[in-house]
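Next comes data01.cif, a file with mmCIF, C-alpha atoms.
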data_data
#
loop_
_atom_site.label_atom_id
_atom_site.label_comp_id
_atom_site.auth_asym_id
_atom_site.auth_seq_id
_atom_site.Cartn_x
_atom_site.Cartn_y
_atom_site.Cartn_z
CA MET A 1 51.01 57.90 -113.38
CA ALA A 2 51.33 61.67 -113.27
CA THR A 3 50.30 62.35 -116.86
CA LYS A 4 47.70 65.01 -117.50
CA PRO A 5 44.15 63.71 -117.87
CA THR A 6 43.89 64.92 -121.45
CA SER A 7 46.96 63.12 -122.67
CA SER A 8 46.10 59.88 -120.91
CA ARG A 9 42.65 59.98 -122.47
CA SER A 10 44.06 60.32 -125.95
CA GLN A 11 46.47 57.50 -125.18
CA VAL A 12 43.63 55.18 -124.25
CA LYS A 13 41.83 56.10 -127.45
CA GLY A 14 44.81 55.12 -129.55
CA LEU A 15 45.07 51.64 -128.08
CA SER A 16 43.67 48.56 -129.70
CA PRO A 17 41.71 46.26 -127.35
CA LYS A 18 44.60 43.80 -127.40
CA GLU A 19 47.15 46.39 -126.42
CA TYR A 20 44.85 47.64 -123.71
CA GLN A 21 44.45 44.14 -122.29
CA ALA A 22 48.21 43.61 -122.31
CA ILE A 23 48.76 46.81 -120.34
CA ALA A 24 45.90 46.03 -117.98
CA LYS A 25 47.41 42.63 -117.32
CA GLN A 26 50.75 44.20 -116.44
CA HIS A 27 49.13 46.38 -113.83
CA GLU A 28 46.94 43.64 -112.37
CA PRO A 29 47.85 42.93 -108.76
CA ARG A 30 50.05 39.89 -109.06
CA LYS A 31 48.91 37.01 -106.95
CA ASN A 32 51.85 35.20 -105.65
CA ILE A 33 50.63 31.64 -105.83
CA LEU A 34 53.62 30.22 -103.98
CA THR A 35 53.22 32.56 -100.99
CA ASN A 36 49.49 31.90 -100.90
CA CYS A 37 50.12 28.16 -100.85
CA LEU A 38 52.65 28.50 -98.06
CA LYS A 39 50.22 30.55 -95.97
CA ALA A 40 47.42 28.04 -96.64
CA PHE A 41 49.74 25.20 -95.69
CA LEU A 42 50.81 26.77 -92.41
CA VAL A 43 47.35 27.82 -91.24
CA GLY A 44 45.62 24.65 -92.46
CA GLY A 45 48.28 22.50 -90.88
CA ALA A 46 48.02 24.44 -87.62
CA ILE A 47 44.23 23.99 -87.48
CA CYS A 48 44.64 20.25 -88.04
CA LEU A 49 47.33 20.19 -85.35
CA ILE A 50 44.91 21.83 -82.90
CA GLY A 51 42.35 19.20 -83.93
CA GLN A 52 44.86 16.47 -83.22
CA CYS A 53 45.55 17.90 -79.76
CA ILE A 54 41.82 18.00 -78.97
CA GLN A 55 41.42 14.44 -80.22
CA GLN A 56 44.35 13.29 -78.10
CA PHE A 57 42.75 14.98 -75.11
CA PHE A 58 39.49 13.06 -75.58
CA MET A 59 41.38 9.82 -76.11
CA SER A 60 43.51 10.06 -73.00
CA TYR A 61 41.06 11.68 -70.56
CA PHE A 62 37.80 10.04 -71.64
CA ASP A 63 39.27 6.73 -72.74
CA MET A 64 37.89 7.01 -76.27
CA THR A 65 39.12 5.20 -79.36
CA THR A 66 40.33 7.23 -82.35
CA LYS A 67 36.95 6.75 -84.03
CA GLU A 68 34.90 7.69 -80.96
CA ALA A 69 36.99 10.82 -80.43
CA GLY A 70 36.29 12.02 -83.98
CA ASN A 71 32.80 13.46 -83.37
CA PRO A 72 33.54 15.40 -80.17
CA THR A 73 36.73 16.74 -81.76
CA VAL A 74 34.81 18.10 -84.74
CA ALA A 75 32.16 19.57 -82.40
CA VAL A 76 34.80 21.37 -80.32
CA LEU A 77 36.53 22.72 -83.45
CA ILE A 78 33.20 23.98 -84.74
CA PHE A 79 32.49 25.64 -81.40
CA ILE A 80 35.87 27.38 -81.43
CA SER A 81 35.30 28.46 -85.03
CA VAL A 82 31.89 29.93 -84.20
CA VAL A 83 33.32 31.87 -81.26
CA VAL A 84 36.20 33.21 -83.36
CA THR A 85 33.77 34.11 -86.16
CA SER A 86 31.49 35.92 -83.71
CA LEU A 87 34.43 38.02 -82.55
CA GLY A 88 35.04 38.96 -86.19
CA LEU A 89 38.49 37.39 -86.19
CA TYR A 90 37.94 34.46 -88.55
CA ASP A 91 37.45 36.75 -91.55
CA LYS A 92 40.77 38.41 -90.80
CA LEU A 93 42.46 35.03 -90.62
CA ALA A 94 40.77 33.99 -93.86
CA GLN A 95 42.10 37.06 -95.67
CA TRP A 96 45.62 36.03 -94.80
CA ALA A 97 45.30 32.26 -95.02
CA GLY A 98 42.97 31.77 -98.01
CA ALA A 99 42.18 28.09 -98.34
CA GLY A 100 44.12 27.37 -95.15
CA SER A 101 41.17 28.51 -93.07
CA ALA A 102 38.46 27.56 -95.60
CA VAL A 103 39.24 23.88 -96.19
CA PRO A 104 39.22 22.63 -92.56
CA VAL A 105 35.84 21.97 -90.95
CA THR A 106 36.24 25.28 -89.09
CA GLY A 107 35.78 27.03 -92.46
CA PHE A 108 32.52 25.15 -92.97
CA ALA A 109 31.28 26.37 -89.58
CA ASN A 110 32.55 29.88 -90.34
CA SER A 111 30.58 30.03 -93.59
CA MET A 112 27.38 29.07 -91.77
CA CYS A 113 27.92 31.34 -88.80
CA SER A 114 28.97 34.43 -90.74
CA ALA A 115 26.08 34.05 -93.18
CA ALA A 116 23.66 33.74 -90.26
CA ILE A 117 25.05 36.85 -88.56
CA GLU A 118 25.20 38.85 -91.78
CA HIS A 119 21.57 38.20 -92.72
CA LYS A 120 20.18 38.42 -89.19
CA ALA A 121 18.74 41.88 -89.93
CA GLU A 122 16.41 40.37 -92.56
CA GLY A 123 14.64 38.40 -89.85
CA MET A 124 15.07 35.21 -87.90
CA VAL A 125 13.39 32.98 -90.47
CA LEU A 126 14.01 34.58 -93.86
CA GLY A 127 17.39 36.05 -92.90
CA LEU A 128 19.27 34.11 -90.25
CA ALA A 129 17.90 30.63 -90.85
CA ALA A 130 17.37 30.72 -94.61
CA ASN A 131 20.83 32.08 -95.39
CA MET A 132 22.81 29.89 -93.03
CA PHE A 133 23.40 27.26 -95.71
CA LYS A 134 24.38 29.63 -98.50
CA LEU A 135 27.81 28.04 -99.02
CA ALA A 136 27.45 25.02 -96.76
CA GLY A 137 24.35 23.98 -98.72
CA ALA A 138 26.38 23.42 -101.89
CA VAL A 139 28.85 21.29 -99.96
CA ILE A 140 26.11 19.19 -98.37
CA VAL A 141 24.20 18.73 -101.65
CA PHE A 142 27.22 17.52 -103.60
CA GLY A 143 28.46 15.39 -100.72
CA VAL A 144 25.12 13.67 -100.29
CA VAL A 145 24.64 13.10 -104.03
CA ALA A 146 28.16 11.64 -104.29
CA ALA A 147 27.55 9.36 -101.29
CA PHE A 148 24.22 8.25 -102.77
CA LEU A 149 25.83 7.40 -106.10
CA VAL A 150 28.59 5.42 -104.36
CA GLY A 151 25.85 3.49 -102.52
CA ILE A 152 24.02 2.81 -105.80
CA VAL A 153 27.24 1.53 -107.39
CA HIS A 154 27.65 -0.82 -104.43
CA ILE A 155 24.10 -2.14 -104.90
CA ILE A 156 24.50 -2.60 -108.65
CA PHE A 157 27.78 -4.45 -108.36
CA GLY A 158 26.67 -6.44 -105.34
CA LEU A 159 29.39 -5.07 -103.07
CA ASN A 160 26.80 -4.56 -100.32
CA GLY A 161 28.65 -1.85 -98.48
CA VAL A 162 31.85 -3.81 -97.92
CA HIS A 163 34.74 -1.39 -98.11
CA MET B 164 54.68 11.54 -84.76
CA ILE B 165 50.95 11.67 -85.44
CA PHE B 166 51.09 15.40 -84.63
CA LEU B 167 53.62 16.02 -87.39
CA TRP B 168 51.62 14.04 -89.95
CA ALA B 169 48.42 15.81 -88.90
CA PHE B 170 50.13 19.13 -89.62
CA LEU B 171 51.68 18.05 -92.92
CA ILE B 172 48.71 16.20 -94.42
CA GLY B 173 46.21 18.80 -93.19
CA GLY B 174 48.38 21.54 -94.65
CA LEU B 175 48.63 19.65 -97.92
CA PHE B 176 44.83 19.45 -98.29
CA CYS B 177 44.72 23.22 -97.82
CA VAL B 178 47.41 23.76 -100.47
CA VAL B 179 45.27 21.76 -102.91
CA GLY B 180 42.36 24.04 -102.05
CA GLN B 181 44.55 27.14 -102.50
CA LEU B 182 45.69 25.91 -105.93
CA MET B 183 42.06 25.43 -106.91
CA PHE B 184 41.42 29.06 -105.86
CA ASP B 185 44.47 30.57 -107.57
CA VAL B 186 45.25 28.38 -110.58
CA LEU B 187 41.84 27.01 -111.55
CA LYS B 188 40.14 30.26 -110.44
CA LEU B 189 37.31 28.40 -108.71
CA THR B 190 35.00 30.11 -106.23
CA PRO B 191 35.11 28.88 -102.61
CA ALA B 192 31.75 27.13 -103.10
CA HIS B 193 33.05 25.25 -106.17
CA THR B 194 36.29 24.37 -104.39
CA MET B 195 34.58 23.04 -101.27
CA SER B 196 32.01 21.07 -103.27
CA THR B 197 34.78 19.51 -105.35
CA LEU B 198 36.81 18.58 -102.27
CA VAL B 199 33.80 16.94 -100.65
CA VAL B 200 33.21 14.83 -103.75
CA VAL B 201 36.92 13.96 -103.82
CA GLY B 202 36.67 12.81 -100.20
CA ALA B 203 33.61 10.72 -101.01
CA LEU B 204 35.38 9.05 -103.94
CA MET B 205 38.50 8.41 -101.86
CA ASP B 206 36.40 6.58 -99.28
CA ALA B 207 34.60 4.65 -102.02
CA LEU B 208 38.00 3.40 -103.16
CA GLY B 209 38.95 2.57 -99.58
CA TRP B 210 41.75 5.16 -99.40
CA TYR B 211 40.41 7.47 -96.73
CA ASP B 212 40.46 5.17 -93.70
CA PRO B 213 44.17 4.36 -94.06
CA LEU B 214 44.83 8.10 -94.40
CA VAL B 215 42.94 8.85 -91.15
CA GLU B 216 44.85 6.04 -89.48
CA PHE B 217 48.09 7.61 -90.67
CA ALA B 218 47.47 11.34 -90.31
CA GLY B 219 44.75 11.53 -87.65
CA ALA B 220 43.17 14.98 -87.57
CA GLY B 221 45.20 15.90 -90.66
CA ALA B 222 42.70 13.78 -92.60
CA SER B 223 39.63 14.07 -90.38
CA VAL B 224 39.55 17.88 -90.05
CA PRO B 225 39.63 19.01 -93.74
CA ILE B 226 36.28 19.15 -95.51
CA THR B 227 37.18 16.02 -97.54
CA SER B 228 36.46 14.01 -94.39
CA PHE B 229 32.87 15.23 -94.62
CA GLY B 230 32.51 13.42 -97.96
CA ASN B 231 34.24 10.42 -96.46
CA ALA B 232 31.82 10.37 -93.51
CA LEU B 233 28.77 10.63 -95.78
CA VAL B 234 29.89 7.62 -97.82
CA HIS B 235 30.86 5.76 -94.66
CA GLY B 236 27.40 6.17 -93.16
CA ALA B 237 25.68 5.14 -96.38
CA LEU B 238 27.80 2.03 -96.88
CA THR B 239 27.71 0.92 -93.24
CA GLU B 240 23.91 0.98 -93.14
CA LEU B 241 23.71 -0.55 -96.61
CA GLN B 242 25.66 -3.48 -95.21
CA ARG B 243 23.42 -3.71 -92.14
CA ASP B 244 19.93 -2.84 -93.40
CA GLY B 245 20.05 -3.44 -97.15
CA TRP B 246 19.36 -0.91 -99.90
CA ILE B 247 17.31 1.49 -97.75
CA GLY B 248 20.47 2.03 -95.69
CA VAL B 249 21.95 4.13 -98.51
CA VAL B 250 19.36 6.82 -97.77
CA THR B 251 19.00 6.36 -94.01
CA GLY B 252 22.72 6.12 -93.35
CA ILE B 253 24.09 9.13 -95.25
CA PHE B 254 23.86 11.54 -92.29
CA ASP B 255 24.62 8.91 -89.68
CA VAL B 256 28.25 9.85 -89.08
CA THR B 257 28.07 13.53 -90.04
CA SER B 258 25.18 14.34 -87.74
CA ALA B 259 27.49 15.61 -84.99
CA GLY B 260 29.25 18.04 -87.32
CA ILE B 261 26.18 19.41 -89.08
CA SER B 262 24.01 19.59 -85.96
CA SER B 263 26.64 21.33 -83.85
CA ALA B 264 27.40 23.77 -86.68
CA ILE B 265 23.69 24.64 -86.95
CA ILE B 266 23.16 24.94 -83.19
CA PHE B 267 26.26 26.98 -82.41
CA SER B 268 25.78 29.22 -85.47
CA PHE B 269 22.15 29.85 -84.54
CA PHE B 270 22.88 30.96 -81.00
CA ALA B 271 25.92 32.96 -82.08
CA ALA B 272 23.83 34.80 -84.67
CA VAL B 273 21.10 35.48 -82.12
CA LEU B 274 23.61 36.93 -79.66
CA VAL B 275 26.04 38.75 -81.95
CA LYS B 276 25.27 42.08 -83.58
CA PRO B 277 26.24 42.21 -87.27
CA LYS B 278 29.00 44.68 -88.05
CA GLY B 279 28.87 47.60 -90.43
#
Whole structure given in structure tokens:
Amino acid sequence: MATKPTSSRSQVKGLSPKEYQAIAKQHEPRKNILTNCLKAFLVGGAICLIGQCIQQFFMSYFDMTTKEAGNPTVAVLIFISVVVTSLGLYDKLAQWAGAGSAVPVTGFANSMCSAAIEHKAEGMVLGLAANMFKLAGAVIVFGVVAAFLVGIVHIIFGLNGVH
Amino acid sequence: MIFLWAFLIGGLFCVVGQLMFDVLKLTPAHTMSTLVVVGALMDALGWYDPLVEFAGAGASVPITSFGNALVHGALTELQRDGWIGVVTGIFDVTSAGISSAIIFSFFAAVLVKPKG
């Protein structure tokens, strides 16, 4: 660390690319996959738990079935996510939780909301609106294509949507 | 009990996503797109409904449920209206999620000043 610049330069010169890569790899910040997974598990689980509480609320106070409660639950989660994103807190959570905050539907809303806020300065149409689907667009495109193909398979094999 | 399963199954979906980030070195966009397709395929095989029954929000909150809902809409309208239902039904179930995400994000972006 504290070597003189001249000596460290000559050291680098004497290294073969392979040696250099080996040393660079040693000094790479080590991602602890296990810790990351634990964090993702805790935060993701907690978000789903909150979702379950909201769903239970709709079911017991508005007399909804599990299926009927699904849409309002998702809408409330998205609303919460947008508020938290607007306060700048979702990004902080995401840094700690990784996929734990990205995989739930709140992450989907966060990606749309933060992209819209970030590009607002470029204008309402070309900035805010056009960039909203930067990440969400990929998710929607692949989801829709997959659903379409499943439908086609059903038509070809005469399953007619029974599932 | 459903609360515990919601936590565990929801957490498990996120661990899968984290492994795709860390081990497979996928970008968030690739990870999310893959998970949506996985959800769509799971519903096509008839696995997703039992999972929602079992884990509640643990299965309906992760992004995989978005794929499940897309397939669900397509197949339900295919059954009811014939082949055109595949196209008309895709956004049937997911409309609430996508519409509310667009509406809330729009107004938030109008109101909030970007940082930095």
Run the PyMOL selection byres ((chain A and resi 73) around 9) against the file shown and list the residues it catches, as a short mmCIF file (atom, residue, chain, number, x, y, z; two decimals) with C-alpha atoms, keeping the file's coordinate frame.
data_model
loop_
_atom_site.label_atom_id
_atom_site.label_comp_id
_atom_site.auth_asym_id
_atom_site.auth_seq_id
_atom_site.Cartn_x
_atom_site.Cartn_y
_atom_site.Cartn_z
CA GLY A 51 42.35 19.20 -83.93
CA GLN A 52 44.86 16.47 -83.22
CA ILE A 54 41.82 18.00 -78.97
CA GLN A 55 41.42 14.44 -80.22
CA PHE A 58 39.49 13.06 -75.58
CA ALA A 69 36.99 10.82 -80.43
CA GLY A 70 36.29 12.02 -83.98
CA ASN A 71 32.80 13.46 -83.37
CA PRO A 72 33.54 15.40 -80.17
CA VAL A 74 34.81 18.10 -84.74
CA ALA A 75 32.16 19.57 -82.40
CA VAL A 76 34.80 21.37 -80.32
CA LEU A 77 36.53 22.72 -83.45
CA ILE A 78 33.20 23.98 -84.74
CA ALA B 220 43.17 14.98 -87.57
CA VAL B 224 39.55 17.88 -90.05
#
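Near Pro213 (chain B), within 12 Å and counting only C-alpha atoms, sit A:His163, B:Met205, B:Asp206, B:Leu208, B:Gly209, B:Phe217, B:Ala218, B:Gly219, B:Ala222, B:Ser223, B:Asn231, not including residues fewer than 4 positions from it in the same chain.
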### Query
Just so the selection is clear, what residues does the PyMOL selection byres ((chain B and resi 193) around 12) cover here, as a PyMOL selection string?
(chain A and resi 103+135-139+141-142) or (chain B and resi 180+183-184+187-192+194-200)
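Atom to atom, CA of Gly174 (chain B) and CA of Phe267 (chain B) stand 25.9 Å apart.
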### Message
I want to know what sits within 9 Å of region 86-90 of chain A, based on all atoms listed in the file, with residues of the same chain fewer than 5 positions away left out; could you give that as a ChimeraX atom specification?
### Response
/A:81,95,101,107,110,113-114,117 /B:268,271-272,274-278
Extract, using all atoms listed in the file, all DNA, RNA and protein residues at most 12 Å from Ile266 (chain B), discarding same-chain residues fewer than 6 positions from it, and format them as a compact mmCIF listing (two decimals) with C-alpha atoms, keeping the file's coordinate frame.
# COMPACT_ATOMS: atom_id res chain seq x y z
CA ALA A 75 32.16 19.57 -82.40
CA ILE A 78 33.20 23.98 -84.74
CA PHE A 79 32.49 25.64 -81.40
CA VAL A 82 31.89 29.93 -84.20
CA ALA A 109 31.28 26.37 -89.58
CA MET A 112 27.38 29.07 -91.77
CA CYS A 113 27.92 31.34 -88.80
CA ALA A 116 23.66 33.74 -90.26
CA ALA A 129 17.90 30.63 -90.85
CA MET A 132 22.81 29.89 -93.03
CA SER B 258 25.18 14.34 -87.74
CA ALA B 259 27.49 15.61 -84.99
CA GLY B 260 29.25 18.04 -87.32
CA ALA B 272 23.83 34.80 -84.67
CA VAL B 273 21.10 35.48 -82.12
### Message
If I take CA of Leu159 (chain A) and CA of Leu238 (chain B), how far is one from the other in Å, to one decimal?
### Response
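It comes out at 9.6 Å.
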### Message
Taking only C-alpha atoms into account, name the residue in A:Ile47, A:Ala94, A:Ala147, A:Ile140 that is nearest to chain B.
### Response
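With only C-alpha atoms as the atom set, the closest residue is A:Ala147.
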### Task
I need the residue set behind the PyMOL selection byres ((chain B and resi 169) around 6) for this file; please write it as an MDAnalysis selection string.
(chainID A and resid 48:49) or (chainID B and resid 165:168 170:173 218:221)
### Query
From the list A:Ile50, A:Met59, A:Val105, A:Leu15, which residue is nearest chain B when using all atoms listed in the file?
A:Val105
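Atom pair CA of Val250 (chain B) / CA of Ala237 (chain B): separated by 6.7 Å.
Nearest-residue note for chain B: choosing from A:Phe157, A:Tyr20, A:Phe133, A:Phe41, the minimum distance belongs to A:Phe41, counting all atoms listed in the file.
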### Task
For each of B:Val186, B:Arg243, B:Phe254, B:Pro225, take the minimum atom-to-atom distance to chain A, counting all atoms listed in the file, then give the residue where this is smallest.
B:Pro225
